[in-house]
$ cat coords_5.tsv   # TSV, C-alpha atoms
chain	number	residue	atom	x	y	z
E	1	MET	CA	-1.49	-43.62	33.54
E	2	ILE	CA	0.73	-43.55	30.46
E	3	ARG	CA	-2.26	-42.50	28.37
E	4	LYS	CA	-3.01	-39.62	30.76
E	5	TRP	CA	0.58	-38.36	30.55
E	6	ALA	CA	0.54	-38.68	26.76
E	7	PHE	CA	-2.70	-36.66	26.62
E	8	PHE	CA	-1.23	-33.98	28.93
E	9	LEU	CA	1.92	-33.69	26.78
E	10	MET	CA	-0.21	-33.30	23.64
E	11	LEU	CA	-2.16	-30.46	25.27
E	12	LEU	CA	1.08	-28.81	26.43
E	13	CYS	CA	2.58	-29.03	22.95
E	14	ALA	CA	-0.56	-27.59	21.38
E	15	PHE	CA	-0.57	-24.68	23.87
E	16	THR	CA	3.14	-24.01	23.28
E	17	ALA	CA	2.61	-23.99	19.52
E	18	ARG	CA	-0.22	-21.45	19.86
E	19	ALA	CA	1.87	-19.32	22.22
E	20	ASP	CA	4.71	-19.24	19.68
E	21	GLU	CA	2.43	-18.14	16.84
E	22	PRO	CA	2.96	-14.47	15.93
E	23	TYR	CA	0.26	-11.84	16.25
E	24	VAL	CA	-0.80	-10.77	12.76
E	25	LEU	CA	-2.07	-7.24	12.23
E	26	LYS	CA	-4.25	-7.23	9.10
E	27	PHE	CA	-3.90	-3.68	7.79
E	28	ALA	CA	-5.73	-2.00	4.89
E	29	THR	CA	-5.33	1.25	2.98
E	30	LEU	CA	-6.48	2.94	-0.21
E	31	ALA	CA	-2.85	3.84	-0.93
E	32	PRO	CA	-1.56	1.80	-3.89
E	33	ALA	CA	1.59	-0.31	-3.73
E	34	GLY	CA	4.64	1.83	-4.51
E	35	SER	CA	3.07	5.04	-3.19
E	36	THR	CA	4.73	7.14	-0.48
E	37	TRP	CA	2.18	6.04	2.10
E	38	MET	CA	2.55	2.35	1.28
E	39	ASN	CA	6.34	2.47	1.19
E	40	VAL	CA	6.63	4.09	4.62
E	41	ILE	CA	3.97	1.79	6.10
E	42	ALA	CA	5.78	-1.27	4.75
E	43	GLU	CA	9.01	0.03	6.29
E	44	TRP	CA	7.15	0.48	9.59
E	45	ALA	CA	5.92	-3.11	9.43
E	46	GLY	CA	9.45	-4.37	8.85
E	47	LYS	CA	10.69	-2.47	11.87
E	48	VAL	CA	7.90	-3.86	14.06
E	49	GLU	CA	8.59	-7.43	12.96
E	50	LYS	CA	12.33	-7.02	13.54
E	51	GLU	CA	12.06	-5.38	16.96
E	52	SER	CA	9.41	-7.84	18.12
E	53	ARG	CA	11.61	-10.72	16.88
E	54	GLY	CA	8.78	-11.94	14.70
E	55	ARG	CA	6.12	-11.87	17.41
E	56	LEU	CA	4.09	-9.17	15.61
E	57	LYS	CA	3.68	-9.13	11.85
E	58	PHE	CA	1.60	-7.19	9.33
E	59	LYS	CA	-0.54	-8.48	6.51
E	60	PHE	CA	-1.36	-5.72	4.03
E	61	TYR	CA	-4.42	-5.01	1.89
E	62	PRO	CA	-3.30	-1.97	-0.18
E	63	GLY	CA	-4.84	-0.14	-3.11
E	64	GLY	CA	-8.43	-0.43	-1.90
E	65	VAL	CA	-8.61	-4.23	-2.20
E	66	SER	CA	-10.60	-4.18	1.06
E	67	GLY	CA	-12.98	-1.64	-0.44
E	68	ASP	CA	-13.62	1.99	0.36
E	69	GLU	CA	-12.88	3.31	3.86
E	70	PRO	CA	-16.44	2.62	5.13
E	71	ASP	CA	-15.93	-0.98	3.96
E	72	MET	CA	-12.63	-1.15	5.88
E	73	LEU	CA	-14.27	0.07	9.07
E	74	ARG	CA	-17.04	-2.48	8.70
E	75	LYS	CA	-14.45	-5.25	8.27
E	76	ILE	CA	-12.60	-3.99	11.35
E	77	ARG	CA	-15.81	-4.21	13.38
E	78	PHE	CA	-16.28	-7.81	12.22
E	79	GLY	CA	-12.64	-8.67	12.95
E	80	GLN	CA	-11.81	-9.44	9.31
E	81	ILE	CA	-9.05	-6.83	9.43
E	82	HIS	CA	-7.66	-5.00	12.45
E	83	GLY	CA	-6.44	-1.60	11.32
E	84	ALA	CA	-5.99	0.83	8.48
E	85	ALA	CA	-4.27	3.94	7.19
E	86	MET	CA	-7.21	6.27	6.68
E	87	THR	CA	-8.00	9.68	5.31
E	88	GLY	CA	-10.44	12.13	6.87
E	89	HIS	CA	-13.48	10.27	5.55
E	90	GLY	CA	-12.66	7.17	7.55
E	91	ILE	CA	-11.41	9.15	10.53
E	92	GLY	CA	-14.75	10.95	10.65
E	93	SER	CA	-16.52	7.64	11.17
E	94	VAL	CA	-14.30	6.90	14.15
E	95	TYR	CA	-14.09	10.33	15.82
E	96	SER	CA	-15.65	13.08	13.72
E	97	PRO	CA	-14.47	16.13	15.78
E	98	ALA	CA	-10.92	15.36	14.58
E	99	ARG	CA	-12.00	16.67	11.20
E	100	VAL	CA	-12.00	20.22	12.52
E	101	LEU	CA	-8.50	20.17	11.02
E	102	GLU	CA	-10.12	19.70	7.59
E	103	ILE	CA	-12.57	22.61	7.77
E	104	PRO	CA	-12.56	24.23	4.29
E	105	PHE	CA	-10.37	27.33	3.87
E	106	LEU	CA	-9.29	27.31	7.53
E	107	PHE	CA	-5.51	27.15	7.05
E	108	ARG	CA	-3.16	29.07	4.79
E	109	ASN	CA	0.01	27.02	5.32
E	110	TYR	CA	1.46	23.97	7.07
E	111	GLU	CA	2.86	26.02	9.97
E	112	GLU	CA	-0.68	26.96	10.95
E	113	VAL	CA	-1.79	23.34	10.56
E	114	ASP	CA	1.00	22.06	12.81
E	115	TYR	CA	0.36	24.61	15.55
E	116	VAL	CA	-3.39	23.99	15.79
E	117	ARG	CA	-3.00	20.22	15.51
E	118	ALA	CA	-0.58	20.19	18.45
E	119	GLN	CA	-3.20	21.96	20.58
E	120	MET	CA	-5.98	19.58	19.56
E	121	MET	CA	-4.13	16.26	19.53
E	122	PRO	CA	-4.62	15.18	23.20
E	123	GLU	CA	-8.40	15.32	22.88
E	124	ILE	CA	-8.28	13.66	19.45
E	125	ARG	CA	-6.31	10.69	20.81
E	126	ALA	CA	-8.71	10.41	23.75
E	127	GLY	CA	-11.66	10.52	21.35
E	128	PHE	CA	-10.31	7.61	19.30
E	129	ARG	CA	-9.74	5.52	22.43
E	130	LYS	CA	-13.22	6.28	23.73
E	131	ASN	CA	-14.64	4.97	20.44
E	132	ASP	CA	-12.71	1.67	20.60
E	133	TYR	CA	-9.77	2.59	18.39
E	134	GLU	CA	-6.13	3.33	19.09
E	135	LEU	CA	-4.59	6.16	17.10
E	136	LEU	CA	-1.08	4.93	16.34
E	137	GLY	CA	-0.02	7.89	14.26
E	138	TRP	CA	-1.23	11.08	12.59
E	139	MET	CA	-0.37	12.21	9.11
E	140	GLU	CA	-2.06	13.98	6.22
E	141	VAL	CA	-2.74	13.67	2.51
E	142	GLY	CA	-1.93	17.37	2.10
E	143	PHE	CA	-3.71	20.43	0.78
E	144	VAL	CA	-6.40	19.30	-1.64
E	145	ARG	CA	-7.11	21.09	-4.92
E	146	PHE	CA	-9.77	20.91	-7.61
E	147	PHE	CA	-8.70	18.92	-10.69
E	148	SER	CA	-11.02	19.54	-13.63
E	149	ARG	CA	-11.55	18.77	-17.29
E	150	THR	CA	-12.17	22.45	-18.11
E	151	PRO	CA	-10.57	25.46	-16.37
E	152	ILE	CA	-11.90	26.94	-13.13
E	153	HIS	CA	-11.30	30.68	-12.82
E	154	SER	CA	-13.62	31.54	-9.92
E	155	MET	CA	-15.69	29.98	-7.16
E	156	ASP	CA	-18.77	30.52	-9.33
E	157	ASP	CA	-17.14	28.42	-12.06
E	158	LEU	CA	-17.28	25.44	-9.69
E	159	LYS	CA	-21.07	25.47	-9.93
E	160	LYS	CA	-20.83	24.67	-13.65
E	161	HIS	CA	-18.91	21.44	-13.07
E	162	ARG	CA	-19.93	17.88	-12.23
E	163	ILE	CA	-17.83	17.58	-9.08
E	164	TRP	CA	-17.17	14.34	-7.26
E	165	GLN	CA	-18.19	14.14	-3.63
E	166	TRP	CA	-16.92	11.23	-1.57
E	167	GLN	CA	-20.11	9.30	-0.96
E	168	GLY	CA	-21.33	9.46	2.62
E	169	ASP	CA	-18.85	12.17	3.66
E	170	PRO	CA	-20.55	14.80	5.87
E	171	LEU	CA	-17.69	17.30	5.69
E	172	SER	CA	-17.55	17.54	1.91
E	173	ALA	CA	-21.37	17.63	1.86
E	174	ALA	CA	-21.28	20.64	4.21
E	175	PHE	CA	-18.74	22.36	1.97
E	176	PHE	CA	-20.84	21.84	-1.16
E	177	THR	CA	-24.01	23.00	0.59
E	178	ALA	CA	-22.25	26.13	1.84
E	179	SER	CA	-20.95	26.77	-1.69
E	180	ASN	CA	-24.36	26.17	-3.35
E	181	ILE	CA	-22.85	23.38	-5.45
E	182	ALA	CA	-24.67	20.19	-6.42
E	183	PRO	CA	-21.99	17.42	-6.41
E	184	VAL	CA	-22.05	13.82	-7.66
E	185	PRO	CA	-21.65	11.41	-4.71
E	186	LEU	CA	-19.55	8.32	-5.49
E	187	PRO	CA	-17.29	5.91	-3.59
E	188	ILE	CA	-13.63	6.67	-4.23
E	189	THR	CA	-13.21	3.31	-5.98
E	190	GLU	CA	-15.48	4.53	-8.83
E	191	VAL	CA	-13.88	7.91	-9.44
E	192	PHE	CA	-11.44	7.01	-12.24
E	193	THR	CA	-14.12	5.16	-14.22
E	194	SER	CA	-16.57	8.03	-13.71
E	195	LEU	CA	-14.01	10.52	-15.00
E	196	SER	CA	-13.52	8.32	-18.06
E	197	THR	CA	-17.25	8.08	-18.81
E	198	GLY	CA	-17.96	11.76	-18.11
E	199	LEU	CA	-20.25	11.13	-15.15
E	200	ILE	CA	-18.00	13.61	-13.33
E	201	ASP	CA	-15.53	16.13	-14.71
E	202	THR	CA	-13.95	17.46	-11.50
E	203	VAL	CA	-12.37	15.85	-8.43
E	204	ILE	CA	-10.83	17.06	-5.17
E	205	ALA	CA	-7.41	15.64	-4.34
E	206	PRO	CA	-3.89	16.54	-3.22
E	207	PRO	CA	-1.36	16.65	-6.08
E	208	LEU	CA	0.31	13.44	-4.91
E	209	GLY	CA	-3.03	11.64	-4.69
E	210	ALA	CA	-4.12	12.79	-8.14
E	211	ILE	CA	-0.95	11.27	-9.58
E	212	ALA	CA	-1.03	8.06	-7.51
E	213	LEU	CA	-4.66	7.40	-8.50
E	214	GLN	CA	-4.06	8.59	-12.10
E	215	TRP	CA	-6.93	11.08	-11.91
E	216	PHE	CA	-4.71	13.80	-13.36
E	217	THR	CA	-4.73	11.95	-16.71
E	218	LYS	CA	-8.40	12.87	-17.07
E	219	THR	CA	-8.25	16.38	-15.60
E	220	PRO	CA	-5.83	18.79	-17.35
E	221	TYR	CA	-6.56	21.73	-15.00
E	222	MET	CA	-5.78	22.21	-11.30
E	223	THR	CA	-6.64	25.09	-8.97
E	224	GLU	CA	-3.74	26.62	-7.06
E	225	VAL	CA	-6.05	27.60	-4.20
E	226	PRO	CA	-6.35	24.62	-1.81
E	227	MET	CA	-9.78	23.78	-0.47
E	228	ALA	CA	-8.55	22.18	2.78
E	229	ASP	CA	-5.71	20.23	4.35
E	230	GLY	CA	-6.59	16.55	4.06
E	231	ILE	CA	-5.86	14.58	7.23
E	232	GLY	CA	-4.86	10.95	7.74
E	233	GLY	CA	-4.23	8.49	10.53
E	234	LEU	CA	-2.88	5.04	11.36
E	235	VAL	CA	-5.57	3.30	13.40
E	236	VAL	CA	-6.07	-0.12	14.96
E	237	SER	CA	-9.06	-1.53	16.79
E	238	SER	CA	-8.86	-1.45	20.59
E	239	LYS	CA	-9.92	-5.11	20.60
E	240	PHE	CA	-6.78	-6.13	18.70
E	241	PHE	CA	-4.52	-3.63	20.48
E	242	ASN	CA	-5.65	-4.59	23.99
E	243	HIS	CA	-5.12	-8.27	23.18
E	244	LEU	CA	-1.40	-7.64	22.58
E	245	PRO	CA	1.17	-8.05	25.37
E	246	LYS	CA	2.19	-4.75	26.97
E	247	ASP	CA	5.59	-4.62	25.26
E	248	LEU	CA	4.03	-5.07	21.82
E	249	GLN	CA	1.49	-2.34	22.55
E	250	GLU	CA	4.32	0.03	23.42
E	251	LEU	CA	6.26	-1.03	20.31
E	252	LEU	CA	3.26	-0.43	18.05
E	253	LEU	CA	2.59	3.01	19.55
E	254	ARG	CA	6.22	4.13	19.39
E	255	THR	CA	6.93	2.94	15.88
E	256	GLY	CA	3.51	4.05	14.63
E	257	ASN	CA	4.25	7.57	15.83
E	258	GLU	CA	7.69	7.46	14.19
E	259	ALA	CA	6.18	6.23	10.92
E	260	SER	CA	3.52	8.94	10.95
E	261	GLU	CA	6.12	11.67	11.52
E	262	LYS	CA	8.07	10.37	8.55
E	263	LEU	CA	4.88	10.15	6.49
E	264	LEU	CA	4.05	13.75	7.33
E	265	ILE	CA	7.45	14.96	6.12
E	266	GLU	CA	7.60	12.73	3.05
E	267	THR	CA	4.00	13.46	1.99
E	268	ARG	CA	4.61	17.20	2.12
E	269	LYS	CA	7.82	16.82	0.10
E	270	ASP	CA	6.15	14.58	-2.45
E	271	ASN	CA	3.16	16.90	-2.82
E	272	GLU	CA	5.57	19.73	-3.59
E	273	LYS	CA	7.44	17.55	-6.11
E	274	SER	CA	4.11	16.46	-7.59
E	275	LEU	CA	3.34	20.05	-8.59
E	276	GLY	CA	6.41	19.94	-10.83
E	277	VAL	CA	5.40	16.55	-12.23
E	278	LEU	CA	1.92	17.85	-13.03
E	279	LYS	CA	3.38	20.85	-14.88
E	280	GLN	CA	5.67	18.55	-16.86
E	281	ASN	CA	2.60	16.52	-17.84
E	282	GLY	CA	0.83	19.56	-19.21
E	283	ILE	CA	-1.48	20.35	-16.30
E	284	THR	CA	-2.52	24.01	-16.32
E	285	PHE	CA	-2.76	25.75	-12.94
E	286	THR	CA	-5.70	28.11	-12.45
E	287	LEU	CA	-7.50	30.05	-9.69
E	288	GLU	CA	-4.88	31.75	-7.55
E	289	TRP	CA	-5.58	33.48	-4.24
E	290	LYS	CA	-5.64	36.85	-6.03
E	291	ASP	CA	-8.68	35.59	-7.98
E	292	ILE	CA	-10.72	35.06	-4.82
E	293	LYS	CA	-12.31	37.44	-2.34
E	294	GLU	CA	-11.25	36.39	1.15
E	295	ALA	CA	-14.67	37.31	2.54
E	296	ASP	CA	-16.28	34.80	0.17
E	297	VAL	CA	-14.20	31.82	1.31
E	298	ILE	CA	-14.55	32.83	4.97
E	299	SER	CA	-18.30	32.86	4.48
E	300	ILE	CA	-18.19	29.37	2.95
E	301	ARG	CA	-15.95	28.17	5.80
E	302	ASP	CA	-18.21	29.47	8.55
E	303	ARG	CA	-21.43	28.23	6.91
E	304	ALA	CA	-19.92	24.77	6.51
E	305	ALA	CA	-18.75	24.79	10.13
E	306	ALA	CA	-22.20	25.88	11.32
E	307	ASP	CA	-23.81	23.04	9.35
E	308	LEU	CA	-21.38	20.50	10.83
E	309	ALA	CA	-22.01	21.85	14.33
E	310	LYS	CA	-25.77	21.62	13.86
E	311	SER	CA	-25.49	17.93	13.03
E	312	GLY	CA	-23.05	17.34	15.91
E	313	TYR	CA	-20.39	16.07	13.50
E	314	ILE	CA	-17.95	18.78	14.60
E	315	PRO	CA	-19.28	20.50	17.75
E	316	ALA	CA	-19.19	24.30	17.73
E	317	GLU	CA	-16.91	24.39	20.78
E	318	VAL	CA	-14.33	22.25	18.96
E	319	TYR	CA	-14.36	24.61	15.99
E	320	ASP	CA	-14.10	27.58	18.37
E	321	ARG	CA	-11.03	26.08	20.08
E	322	ALA	CA	-9.37	25.48	16.72
E	323	ARG	CA	-10.14	29.05	15.62
E	324	LYS	CA	-8.79	30.40	18.92
E	325	ALA	CA	-5.53	28.44	18.55
E	326	LEU	CA	-5.21	29.63	14.97
E	327	GLY	CA	-5.77	33.23	16.05
E	328	GLU	CA	-3.07	32.86	18.72
E	329	TYR	CA	-0.59	31.58	16.15
E	330	ARG	CA	-1.33	34.34	13.65
E	331	GLU	CA	-1.01	36.97	16.36
E	332	LYS	CA	2.40	35.60	17.37
E	333	LYS	CA	3.57	35.62	13.76
E	334	ALA	CA	2.33	39.17	13.27
E	335	LYS	CA	4.35	40.36	16.31
E	336	GLN	CA	7.49	38.71	14.91
E	337	ARG	CA	7.35	40.71	11.70
$ encode --input "coords_5.tsv" --output "structure tokens"
Amino acid sequence: MIRKWAFFLMLLCAFTARADEPYVLKFATLAPAGSTWMNVIAEWAGKVEKESRGRLKFKFYPGGVSGDEPDMLRKIRFGQIHGAAMTGHGIGSVYSPARVLEIPFLFRNYEEVDYVRAQMMPEIRAGFRKNDYELLGWMEVGFVRFFSRTPIHSMDDLKKHRIWQWQGDPLSAAFFTASNIAPVPLPITEVFTSLSTGLIDTVIAPPLGAIALQWFTKTPYMTEVPMADGIGGLVVSSKFFNHLPKDLQELLLRTGNEASEKLLIETRKDNEKSLGVLKQNGITFTLEWKDIKEADVISIRDRAAADLAKSGYIPAEVYDRARKALGEYREKKAKQR
């Protein structure tokens, strides 16, 4: 009898120990340590751990140590990590219609971006959930520009350059096809080395990203005309999220949304500051809007969108809804003038 009670107590102690163990969210990102993204995400993790009283903790894999975004998604599927801060490339592998917000030459400013995003966000969140992910927060990398080794003065000039394309990215592929440009596909982890060896001489990045990844040190020219607004998101697998107690789910959603709102503000500020830093480091700005015919970029935009619709990556009706929302916003602004 004593042995039975001893065995029962051992089982009870073992169960209690497991119950007291914290949930650990293994979280990856390409953002390097010390970057705006990583700093805000680390602050978010600290808040979650404090408010959960240590029941939910983060373990970070920053700076691409878990590989490129396709590698991160593969590791999430296998349960090796549970979530990530991703750019549009990774988001497209989870719910590709969300990338309608990255259609080339669609937006002129952040006010337009914010208005259209607000209209599209309910269906984007539902799309993530349907595909076994929880969207904890939405942010962006900002308006992306061309950084090149030699100056770009026109859209035709782009065709003379060896431009990096994020390997396996349908949206950038559609843009290059629509622009009649033959890019060089590479994973993002090989870009800096490829700039150094001359395999490529041009990259697409937001100002902040070009500095954080040190690409600007190899590319002394930057176009002022942005190609698109790069999106981003804080995602976690539904498997991990649904395993959490209800209060921790609510905590993760609330604080994730707060962190993403801060990231949105801070990223925009830092991208603006980064323009000054780039000028101080001798970067020459080229290709302003006055150098481009609007009809030409609209043609590229619509051809890229048609290609993405044909493949089903971004359905035509999704693009139409985004265009309609954008038209509504521009009409309202025009009436206010």
$ residues_around --input "coords_5.tsv" --residues "range 65-82 of chain E" --least-positions-apart "5" --cutoff "7 Å" --atoms "only C-alpha atoms" --output "list in words"
Leu25, Lys26, Phe27, Ala28, Gly90, Pro187, Ile188, Thr189, Val236, Ser237 and Phe240 of chain E
$ write_last_selection --input "coords_5.tsv" --atoms "C-alpha atoms" --output "PDB file, in the coordinates of the input"
ATOM      1  CA  LEU E  25      -2.070  -7.240  12.230  1.00  0.00           C
ATOM      2  CA  LYS E  26      -4.250  -7.230   9.100  1.00  0.00           C
ATOM      3  CA  PHE E  27      -3.900  -3.680   7.790  1.00  0.00           C
ATOM      4  CA  ALA E  28      -5.730  -2.000   4.890  1.00  0.00           C
ATOM      5  CA  GLY E  90     -12.660   7.170   7.550  1.00  0.00           C
ATOM      6  CA  PRO E 187     -17.290   5.910  -3.590  1.00  0.00           C
ATOM      7  CA  ILE E 188     -13.630   6.670  -4.230  1.00  0.00           C
ATOM      8  CA  THR E 189     -13.210   3.310  -5.980  1.00  0.00           C
ATOM      9  CA  VAL E 236      -6.070  -0.120  14.960  1.00  0.00           C
ATOM     10  CA  SER E 237      -9.060  -1.530  16.790  1.00  0.00           C
ATOM     11  CA  PHE E 240      -6.780  -6.130  18.700  1.00  0.00           C
TER      12      PHE E 240
END
$ residues_around --input "coords_5.tsv" --residues "range 91-108 of chain E" --least-positions-apart "3" --cutoff "8 Å" --atoms "only C-alpha atoms" --output "PyMOL selection string"
chain E and resi 70+86-88+112-113+116-117+124+127-128+131+133+171+175+226-233+297-298+300-301+304-305+313-315+318-319+322
$ write_last_selection --input "coords_5.tsv" --atoms "C-alpha atoms" --output "mmCIF file, in the frame of the given file"
data_model
loop_
_atom_site.group_PDB
_atom_site.id
_atom_site.type_symbol
_atom_site.label_atom_id
_atom_site.label_comp_id
_atom_site.auth_asym_id
_atom_site.auth_seq_id
_atom_site.Cartn_x
_atom_site.Cartn_y
_atom_site.Cartn_z
ATOM 1 C CA PRO E 70 -16.440 2.620 5.130
ATOM 2 C CA MET E 86 -7.210 6.270 6.680
ATOM 3 C CA THR E 87 -8.000 9.680 5.310
ATOM 4 C CA GLY E 88 -10.440 12.130 6.870
ATOM 5 C CA GLU E 112 -0.680 26.960 10.950
ATOM 6 C CA VAL E 113 -1.790 23.340 10.560
ATOM 7 C CA VAL E 116 -3.390 23.990 15.790
ATOM 8 C CA ARG E 117 -3.000 20.220 15.510
ATOM 9 C CA ILE E 124 -8.280 13.660 19.450
ATOM 10 C CA GLY E 127 -11.660 10.520 21.350
ATOM 11 C CA PHE E 128 -10.310 7.610 19.300
ATOM 12 C CA ASN E 131 -14.640 4.970 20.440
ATOM 13 C CA TYR E 133 -9.770 2.590 18.390
ATOM 14 C CA LEU E 171 -17.690 17.300 5.690
ATOM 15 C CA PHE E 175 -18.740 22.360 1.970
ATOM 16 C CA PRO E 226 -6.350 24.620 -1.810
ATOM 17 C CA MET E 227 -9.780 23.780 -0.470
ATOM 18 C CA ALA E 228 -8.550 22.180 2.780
ATOM 19 C CA ASP E 229 -5.710 20.230 4.350
ATOM 20 C CA GLY E 230 -6.590 16.550 4.060
ATOM 21 C CA ILE E 231 -5.860 14.580 7.230
ATOM 22 C CA GLY E 232 -4.860 10.950 7.740
ATOM 23 C CA GLY E 233 -4.230 8.490 10.530
ATOM 24 C CA VAL E 297 -14.200 31.820 1.310
ATOM 25 C CA ILE E 298 -14.550 32.830 4.970
ATOM 26 C CA ILE E 300 -18.190 29.370 2.950
ATOM 27 C CA ARG E 301 -15.950 28.170 5.800
ATOM 28 C CA ALA E 304 -19.920 24.770 6.510
ATOM 29 C CA ALA E 305 -18.750 24.790 10.130
ATOM 30 C CA TYR E 313 -20.390 16.070 13.500
ATOM 31 C CA ILE E 314 -17.950 18.780 14.600
ATOM 32 C CA PRO E 315 -19.280 20.500 17.750
ATOM 33 C CA VAL E 318 -14.330 22.250 18.960
ATOM 34 C CA TYR E 319 -14.360 24.610 15.990
ATOM 35 C CA ALA E 322 -9.370 25.480 16.720
#
$ atom_distance --input "coords_5.tsv" --atom1 "CA of Leu136 in chain E" --atom2 "CA of Leu252 in chain E"
7.1 Å
$ atom_distance --input "coords_5.tsv" --atom1 "CA of Leu275 in chain E" --atom2 "CA of Pro207 in chain E"
6.3 Å
$ closest_residue --input "coords_5.tsv" --among "E:Asp201, E:Glu140, E:Glu43, E:Glu51" --to "Arg268 in chain E" --atoms "only C-alpha atoms"
E:Glu140
$ atom_distance --input "coords_5.tsv" --atom1 "CA of Leu234 in chain E" --atom2 "CA of Gly137 in chain E"
5.0 Å
$ closest_residue --input "coords_5.tsv" --among "E:Tyr329, E:Trp215, E:Phe241, E:Phe146" --to "Leu287 in chain E" --atoms "only C-alpha atoms"
E:Phe146
$ residues_around --input "coords_5.tsv" --residues "Met222 in chain E" --least-positions-apart "3" --cutoff "8 Å" --atoms "all atoms listed in the file" --output "list of chain:residue names"
E:Arg145, E:Phe146, E:Phe147, E:Ser148, E:Pro151, E:Ile152, E:Thr219, E:Ile283, E:Thr284, E:Phe285, E:Thr286
$ closest_residue --input "coords_5.tsv" --among "E:Gly63, E:Pro220, E:Pro170, E:Pro122" --to "Thr150 in chain E" --atoms "all atoms listed in the file"
E:Pro220
$ closest_residue --input "coords_5.tsv" --among "E:Pro62, E:Gly327, E:Pro183, E:Gly83" --to "Gly34 in chain E" --atoms "only C-alpha atoms"
E:Pro62
$ closest_residue --input "coords_5.tsv" --among "E:Glu288, E:Gly282, E:Ile181, E:Ala118" --to "Ala325 in chain E" --atoms "all atoms listed in the file"
E:Ala118
$ closest_residue --input "coords_5.tsv" --among "E:Ile163, E:Val203, E:Ala33, E:Val24" --to "Val184 in chain E" --atoms "all atoms listed in the file"
E:Ile163
$ residues_around --input "coords_5.tsv" --residues "Ala182 in chain E" --least-positions-apart "3" --cutoff "9 Å" --atoms "only C-alpha atoms" --output "list of chain:residue names"
E:Lys159, E:His161, E:Arg162, E:Ile163, E:Phe176, E:Thr177, E:Ser179
$ residues_around --input "coords_5.tsv" --residues "Pro32 in chain E" --least-positions-apart "5" --cutoff "12 Å" --atoms "all atoms listed in the file" --output "PyMOL selection string"
chain E and resi 37-39+41-42+60-66+85+189+208-209+211-214
$ residues_near_point --input "coords_5.tsv" --point "(2.3, -2.6, 22.7)" --cutoff "12 Å" --atoms "all atoms listed in the file" --output "JSON list (two decimals) with C-alpha atoms, keeping the file's coordinate frame"
[["chain", "number", "residue", "atom", "x", "y", "z"],
["E", 23, "TYR", "CA", 0.26, -11.84, 16.25],
["E", 48, "VAL", "CA", 7.90, -3.86, 14.06],
["E", 51, "GLU", "CA", 12.06, -5.38, 16.96],
["E", 52, "SER", "CA", 9.41, -7.84, 18.12],
["E", 55, "ARG", "CA", 6.12, -11.87, 17.41],
["E", 56, "LEU", "CA", 4.09, -9.17, 15.61],
["E", 134, "GLU", "CA", -6.13, 3.33, 19.09],
["E", 136, "LEU", "CA", -1.08, 4.93, 16.34],
["E", 236, "VAL", "CA", -6.07, -0.12, 14.96],
["E", 238, "SER", "CA", -8.86, -1.45, 20.59],
["E", 240, "PHE", "CA", -6.78, -6.13, 18.70],
["E", 241, "PHE", "CA", -4.52, -3.63, 20.48],
["E", 242, "ASN", "CA", -5.65, -4.59, 23.99],
["E", 243, "HIS", "CA", -5.12, -8.27, 23.18],
["E", 244, "LEU", "CA", -1.40, -7.64, 22.58],
["E", 245, "PRO", "CA", 1.17, -8.05, 25.37],
["E", 246, "LYS", "CA", 2.19, -4.75, 26.97],
["E", 247, "ASP", "CA", 5.59, -4.62, 25.26],
["E", 248, "LEU", "CA", 4.03, -5.07, 21.82],
["E", 249, "GLN", "CA", 1.49, -2.34, 22.55],
["E", 250, "GLU", "CA", 4.32, 0.03, 23.42],
["E", 251, "LEU", "CA", 6.26, -1.03, 20.31],
["E", 252, "LEU", "CA", 3.26, -0.43, 18.05],
["E", 253, "LEU", "CA", 2.59, 3.01, 19.55],
["E", 254, "ARG", "CA", 6.22, 4.13, 19.39],
["E", 255, "THR", "CA", 6.93, 2.94, 15.88],
["E", 256, "GLY", "CA", 3.51, 4.05, 14.63]]
$ build_atoms --input "coords_5.tsv" --residues "range 63-71 of chain E" --atoms "N, CA and C atoms" --output "mmCIF file, keeping the file's coordinate frame"
data_model
loop_
_atom_site.group_PDB
_atom_site.id
_atom_site.type_symbol
_atom_site.label_atom_id
_atom_site.label_comp_id
_atom_site.auth_asym_id
_atom_site.auth_seq_id
_atom_site.Cartn_x
_atom_site.Cartn_y
_atom_site.Cartn_z
ATOM 1 N N GLY E 63 -4.176 -0.473 -1.862
ATOM 2 C CA GLY E 63 -4.840 -0.140 -3.110
ATOM 3 C C GLY E 63 -6.339 -0.324 -3.117
ATOM 4 N N GLY E 64 -6.970 -0.306 -1.947
ATOM 5 C CA GLY E 64 -8.430 -0.430 -1.900
ATOM 6 C C GLY E 64 -8.956 -1.833 -2.121
ATOM 7 N N VAL E 65 -8.116 -2.873 -1.994
ATOM 8 C CA VAL E 65 -8.610 -4.230 -2.200
ATOM 9 C C VAL E 65 -9.610 -4.644 -1.124
ATOM 10 N N SER E 66 -9.594 -3.922 0.010
ATOM 11 C CA SER E 66 -10.600 -4.180 1.060
ATOM 12 C C SER E 66 -11.791 -3.256 0.923
ATOM 13 N N GLY E 67 -11.858 -2.525 -0.201
ATOM 14 C CA GLY E 67 -12.980 -1.640 -0.440
ATOM 15 C C GLY E 67 -12.679 -0.211 -0.026
ATOM 16 N N ASP E 68 -13.716 0.604 -0.058
ATOM 17 C CA ASP E 68 -13.620 1.990 0.360
ATOM 18 C C ASP E 68 -13.432 2.045 1.877
ATOM 19 N N GLU E 69 -13.142 3.219 2.425
ATOM 20 C CA GLU E 69 -12.880 3.310 3.860
ATOM 21 C C GLU E 69 -14.072 2.870 4.729
ATOM 22 N N PRO E 70 -15.321 3.174 4.355
ATOM 23 C CA PRO E 70 -16.440 2.620 5.130
ATOM 24 C C PRO E 70 -16.437 1.087 5.139
ATOM 25 N N ASP E 71 -16.026 0.483 4.021
ATOM 26 C CA ASP E 71 -15.930 -0.980 3.960
ATOM 27 C C ASP E 71 -14.843 -1.480 4.921
#
